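Asks: Sharing a structure here in structure tokens format.
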Amino acid sequence: MLLFDFFRRNPLPSKPPLKRQPIMNSPAPRLEAADALVAAVGKHAAALFANRKLLCAEAIMVAVNEAFGQPLPDEQAVGIAAGLTAGIGDRGCLCGAIAGACASVGMVCARGGHGPTRQAIRQQSAAIHEAFVNRHKSACCRVLSKKVKDDAKAHAAQCAALTGYGAELAVRSILALRPELVDCPDAPTKGEPRLCGRVKWLLSLFCR
């Protein structure tokens, strides 16, 4: 009882309320970085097509390849995509924007110790196809170009826009499988400062 009376007469000092610590790892900057990368790669791919440098699938492969540190030489990326253009070898079947986007996901993701399973890449390819069809109502090159086939300028403008959209879908799928790529983890080239190939490429767009 004596001990109880002592603590009753001399209560312990109350602790001050804990201050809420600011959240340091907010996802907002990562989302902003992802959106910026998606937009930049889409714009670059569309420009490669619009400037008549590359066709749809080729432009997507090269733009994505450059953005993610060039896992392949550009010549090889173009060679892989060449047969996918204009509806698979000019046959008007699967739109080259879809084919190039799906091939780009595999090119970037299926390498190194980070490689996701082939099933994951197939699932992202299905998501690319679904998103494309939901927006444009078809995946067929012949159907997509039916209304503009007799207007070369309108045809080129439409295909450039489809190419840009395909590149955007590819980047979103890549980041879904390898979200750490937003933080630029690629090893630097020997003898160069630690600056990711994607950053160098983005800077080059404004320094030409």
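Chain labels A, B, ... are given in the sequence in which chains occur in the structure tokens; within each chain residues are numbered consecutively from 1, and ligands are likewise numbered from 1 in the order shown.
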Find the residues near Val78 (chain A): any atom within 10 Å, counting only C-alpha atoms, skip ones fewer than 2 places away on the same chain, and give them as a short mmCIF file (atom, residue, chain, number, x, y, z; two decimals) with N, CA, C and O atoms, in the first residue's frame.

Replies:
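As a result, part.cif now contains:
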```
data_model
loop_
_atom_site.label_atom_id
_atom_site.label_comp_id
_atom_site.auth_asym_id
_atom_site.auth_seq_id
_atom_site.Cartn_x
_atom_site.Cartn_y
_atom_site.Cartn_z
N LEU A 54 12.04 5.29 -89.63
CA LEU A 54 11.74 3.90 -89.33
C LEU A 54 10.24 3.66 -89.46
O LEU A 54 9.45 4.60 -89.36
N LEU A 55 9.86 2.41 -89.64
CA LEU A 55 8.45 2.04 -89.64
C LEU A 55 8.00 1.74 -88.22
O LEU A 55 8.79 1.75 -87.28
N ALA A 57 6.88 -0.77 -85.97
CA ALA A 57 7.51 -1.66 -84.99
C ALA A 57 8.98 -1.32 -84.80
O ALA A 57 9.51 -1.39 -83.68
N GLU A 58 9.65 -0.95 -85.88
CA GLU A 58 11.07 -0.58 -85.79
C GLU A 58 11.26 0.64 -84.90
O GLU A 58 12.16 0.68 -84.05
N ALA A 59 10.41 1.64 -85.09
CA ALA A 59 10.52 2.87 -84.30
C ALA A 59 10.31 2.60 -82.81
O ALA A 59 11.01 3.16 -81.96
N ILE A 60 9.36 1.74 -82.49
CA ILE A 60 9.10 1.41 -81.09
C ILE A 60 10.29 0.67 -80.49
O ILE A 60 10.75 0.99 -79.39
N MET A 61 10.81 -0.31 -81.21
CA MET A 61 11.94 -1.08 -80.70
C MET A 61 13.15 -0.18 -80.45
O MET A 61 13.82 -0.29 -79.41
N VAL A 62 13.43 0.73 -81.38
CA VAL A 62 14.59 1.60 -81.23
C VAL A 62 14.39 2.59 -80.08
O VAL A 62 15.29 2.81 -79.26
N ASN A 65 14.60 0.66 -76.86
CA ASN A 65 15.97 0.19 -76.71
C ASN A 65 16.88 1.31 -76.21
O ASN A 65 17.67 1.13 -75.27
N LEU A 72 20.27 -4.00 -76.80
CA LEU A 72 20.69 -4.47 -78.11
C LEU A 72 21.27 -3.31 -78.91
O LEU A 72 20.87 -2.16 -78.71
N PRO A 73 22.18 -3.57 -79.84
CA PRO A 73 22.56 -2.52 -80.78
C PRO A 73 21.33 -2.10 -81.58
O PRO A 73 20.46 -2.93 -81.87
N ASP A 74 21.23 -0.82 -81.92
CA ASP A 74 20.06 -0.34 -82.65
C ASP A 74 19.84 -1.12 -83.95
O ASP A 74 18.70 -1.39 -84.34
N GLU A 75 20.93 -1.47 -84.62
CA GLU A 75 20.79 -2.20 -85.89
C GLU A 75 20.09 -3.54 -85.67
O GLU A 75 19.27 -3.97 -86.48
N GLN A 76 20.41 -4.19 -84.55
CA GLN A 76 19.78 -5.48 -84.26
C GLN A 76 18.32 -5.29 -83.86
O GLN A 76 17.46 -6.09 -84.25
N ILE A 80 15.23 -7.06 -85.85
CA ILE A 80 14.23 -7.92 -85.22
C ILE A 80 12.82 -7.44 -85.56
O ILE A 80 11.91 -8.23 -85.81
N ALA A 81 12.64 -6.11 -85.59
CA ALA A 81 11.30 -5.54 -85.79
C ALA A 81 10.92 -5.40 -87.26
O ALA A 81 9.73 -5.19 -87.56
N ALA A 82 11.88 -5.50 -88.17
CA ALA A 82 11.60 -5.20 -89.58
C ALA A 82 10.45 -6.03 -90.13
O ALA A 82 9.59 -5.52 -90.87
N GLY A 83 10.39 -7.29 -89.80
CA GLY A 83 9.34 -8.15 -90.32
C GLY A 83 7.99 -7.97 -89.66
O GLY A 83 6.98 -8.53 -90.12
#
```

Asks: Of the candidates A:Ala86, A:Val182, A:Ala126, A:Val133, which shows the shortest atom-to-atom distance to Tyr165 (chain A), using only C-alpha atoms?

Replies: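 Residue with the minimum atom-to-atom distance to Tyr165 (chain A): A:Val133.
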
Asks: Hey, which of A:Ile174, A:His44, A:Thr117, A:Ala33 ends up closest to Ala101 (chain A)? Count only C-alpha atoms.

Replies: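 Smallest distance to Ala101 (chain A) is found for A:Ile174.
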
Asks: Contacts of Val64 (chain A) at 8 Å or less, counting only C-alpha atoms, minus same-chain residues fewer than 2 places along, as a VMD selection string?

Replies: chain A and resid 41 60 to 62 66 to 68 104 167 170 to 171

Asks: Between A:Ala50, A:Leu181, A:Ala103, A:Ile88, which residue has the minimum interatomic distance to Ala139 (chain A), considering only C-alpha atoms?

Replies: A:Ile88
